[in-house]
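Engineer: If you scroll down you'll find the structure; I have some questions about it.
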Amino acid sequence: MTTPSWDAAYAGNGPPPWDVGRPQPAFIRLAEQGLLAGQVLDAGCGTGEQTLLAASSGADALGVDVSPLALEQARGKAAARGIKARFEVADALSLGDLGMSFDTVIDSGLFHVFDDDNRARYVASLASVLRPGGHLYLMCFSDRQPGALGPRRVSQDELRAAFEVNVIAPIMTEPGGAAWRQTTYYPYLFASVYGRGDALQLSVKSPGYDSEVADNVPYLDIAGVHDEAGRTLTFFAVNRHESEALDLELDLQGFRKARIVDHQVMTNADLDAVNTLSAPLAVAPRKGSGGEVKDEQLTASLPPYSYQMLRVGLG
Ligand SMILES: C[S@@+](CC[C@H](N)C(=O)[O-])C[C@H]1O[C@@H](n2cnc3c(N)ncnc32)[C@H](O)[C@@H]1O
């Protein structure tokens with residue numbers, strides 16, 4: 001930990017330059033959209049403006065920081081404003097030590113203080129406390145910020161690299177504006193929330209096609225997991241065929257009393273289709289229909305160019 005130097009930043013007559021004495025507008029917008037809810041962690045909370053915002057929006061909010069002095073001031077603000085929030089000294093590089101998990105983590109100005117090595121440690125530390133399907137909202141100094149004063153600048157590419165593109169790219173934003181989910185958001189969400197348990201070894205027979213890089217590529221791509229505790233099987237399937245539906249027949253081989261409990265389908269004839277601010281649900285999951293399980297055989301029709309998640313309840 002680097003407590004003394006961070007404490008020094010909070011020991012002066014006035015607040016440190018980043019401490020604007022109120023929540024940052026980007027986080028106010030999240031609160032207004034109801035996105036600061038459930039159990040929220042504010043990593044590197046300083047004097048707690050974002051933590052207090054989350055708490056006053058109804059979240060069970062915890063702010064952590066390495067600076068005891070900053071936390072003392074945060075607790076003072078909470079008491080003065082009559083807001084119930086908790087503040088603890090903790091190192092954001094080892095959040096797992098808290099022994100807790102969170103629906104949402106917010107970071108206002110912490111990510112950009114870390115060097116490359118600690119950046120990787122921080123990302124791993126965040127992953128250790130964020131629940132499946134949880135969200136991280138991070139605000140840092142942008143490389144588009146002119147001048148050299150202030151912390152290290154961070155580019156979008158660096159952010160993508162740090163979080164491995166799939167973690168952050170699915171949510172799109174525009175400066176000062178709204179946020180919407182990109183098409184890739186949903187498969188990642190489904191895999192993250194439901195892709196839990198033992199991977200099933202599936203033996204797949206599918207018609208195929210020859211492509212520029214490989215021959216006999218199966219039209220069907222499918223993966224499945226068995227969640228014993230949750231008594232479910234979940235299948236993620238893609239039909240790569242441009243114009244024809246695929247009839248899926250799955251032999252459930254001993255998984256008895258099975259029934260389809262959820263079938264979500266995403267499809268669009270245009271593989272380059274995207275969601276936009278004006279059409280945020282152009283490519284989004286819709287309820288699938290027509291699938292059934294009979295005599296341990298699951299059947300469903302997979303539309304052309306489609307992704308689907310099929311969940312099967314057991315017993
Ligand atoms: C730029 S300030 C941002 C503070 C606050 N989030 C805000 O928006 O006002 C960065 C904060 O991260 C804290 N910090 C630095 N390294 C940390 C670490 N390893 N773990 C937890 N907090 C840390 C500092 O004490 C400081 O309060």
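Letters A, B, ... go to the chains of the structure tokens in the order shown; residues in each chain start at 1; ligands are counted from 1 in the same order.
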With a cut-off of 12 Å, could you pull out the residues of segment 118-218 of chain A touching segment 93-108 of chain A and give me the nearest pair of atoms for each, distance in Å to one decimal, using only C-alpha atoms, ordered by chain and ascending number, as JSON lines?
Structural biologist:
{"residue": "A:Asn118", "atom": "CA", "partner": "A:Leu93", "partner_atom": "CA", "distance": 7.2}
{"residue": "A:Arg119", "atom": "CA", "partner": "A:Leu93", "partner_atom": "CA", "distance": 8.6}
{"residue": "A:Ala120", "atom": "CA", "partner": "A:Leu93", "partner_atom": "CA", "distance": 9.1}
{"residue": "A:Arg121", "atom": "CA", "partner": "A:Leu93", "partner_atom": "CA", "distance": 5.8}
{"residue": "A:Tyr122", "atom": "CA", "partner": "A:Leu93", "partner_atom": "CA", "distance": 4.8}
{"residue": "A:Val123", "atom": "CA", "partner": "A:Leu93", "partner_atom": "CA", "distance": 8.2}
{"residue": "A:Ala124", "atom": "CA", "partner": "A:Leu93", "partner_atom": "CA", "distance": 8.1}
{"residue": "A:Ser125", "atom": "CA", "partner": "A:Ser94", "partner_atom": "CA", "distance": 5.4}
{"residue": "A:Leu126", "atom": "CA", "partner": "A:Leu95", "partner_atom": "CA", "distance": 6.8}
{"residue": "A:Ala127", "atom": "CA", "partner": "A:Gly96", "partner_atom": "CA", "distance": 8.9}
{"residue": "A:Ser128", "atom": "CA", "partner": "A:Gly96", "partner_atom": "CA", "distance": 5.6}
{"residue": "A:Val129", "atom": "CA", "partner": "A:Ser101", "partner_atom": "CA", "distance": 4.4}
{"residue": "A:Leu130", "atom": "CA", "partner": "A:Phe102", "partner_atom": "CA", "distance": 5.1}
{"residue": "A:Arg131", "atom": "CA", "partner": "A:Asp103", "partner_atom": "CA", "distance": 5.7}
{"residue": "A:Pro132", "atom": "CA", "partner": "A:Asp103", "partner_atom": "CA", "distance": 8.2}
{"residue": "A:Gly133", "atom": "CA", "partner": "A:Asp103", "partner_atom": "CA", "distance": 7.7}
{"residue": "A:Gly134", "atom": "CA", "partner": "A:Asp103", "partner_atom": "CA", "distance": 4.7}
{"residue": "A:His135", "atom": "CA", "partner": "A:Thr104", "partner_atom": "CA", "distance": 4.8}
{"residue": "A:Leu136", "atom": "CA", "partner": "A:Val105", "partner_atom": "CA", "distance": 4.7}
{"residue": "A:Tyr137", "atom": "CA", "partner": "A:Ile106", "partner_atom": "CA", "distance": 4.8}
{"residue": "A:Leu138", "atom": "CA", "partner": "A:Asp107", "partner_atom": "CA", "distance": 4.6}
{"residue": "A:Met139", "atom": "CA", "partner": "A:Ser108", "partner_atom": "CA", "distance": 4.9}
{"residue": "A:Cys140", "atom": "CA", "partner": "A:Ser108", "partner_atom": "CA", "distance": 6.6}
{"residue": "A:Phe141", "atom": "CA", "partner": "A:Ser108", "partner_atom": "CA", "distance": 9.7}
Engineer: What residues of the protein or nucleic acid chains come within 9 Å of ligand 1 when you use only C-alpha atoms and all ligand atoms? Reply as a ChimeraX atom specification.
Structural biologist: /A:1-3,5-7,9-10,16-24,42-51,63-71,89-95,106-114,118,122,139-140,151
Engineer: Considering only C-alpha atoms, can you say which of A:Arg160, A:Arg259, A:Arg144, A:Arg196 comes closest to Gly224 of chain A?
Structural biologist: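 Looking only at the distances to Gly224 of chain A, the closest residue turns out to be A:Arg196.
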Engineer: Enumerate as a ChimeraX atom specification all residues of segment 92-280 of chain A assigned to helix (DSSP H, G or I) by DSSP on the backbone, naming them with the chain letters and numbers the document uses.
Structural biologist: /A:92-98,111-113,116-129,156-163,165-167,185-194
Engineer: Atom CA of Ala8 of chain A and atom CA of Ile28 of chain A, how far apart in Å?
Structural biologist: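 Interatomic distance here is 28.1 Å.
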Engineer: For Val225 of chain A, which residue out of A:Trp180, A:Phe163, A:Tyr194, A:Tyr186 is the nearest one, using only C-alpha atoms?
Structural biologist: A:Tyr194
Engineer: As an exercise, work out the distance from atom CA of Glu158 of chain A to atom CA of Arg181 of chain A in Å and give it to one decimal place.
Structural biologist: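 So the two atoms, atom CA of Glu158 of chain A and atom CA of Arg181 of chain A, lie 20.6 Å apart.
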Engineer: Return the single residue from A:Arg311, A:Arg75, A:Lys294, A:Lys287 that is closest to Gln264 of chain A, with distances computed using only C-alpha atoms.
Structural biologist: A:Lys287
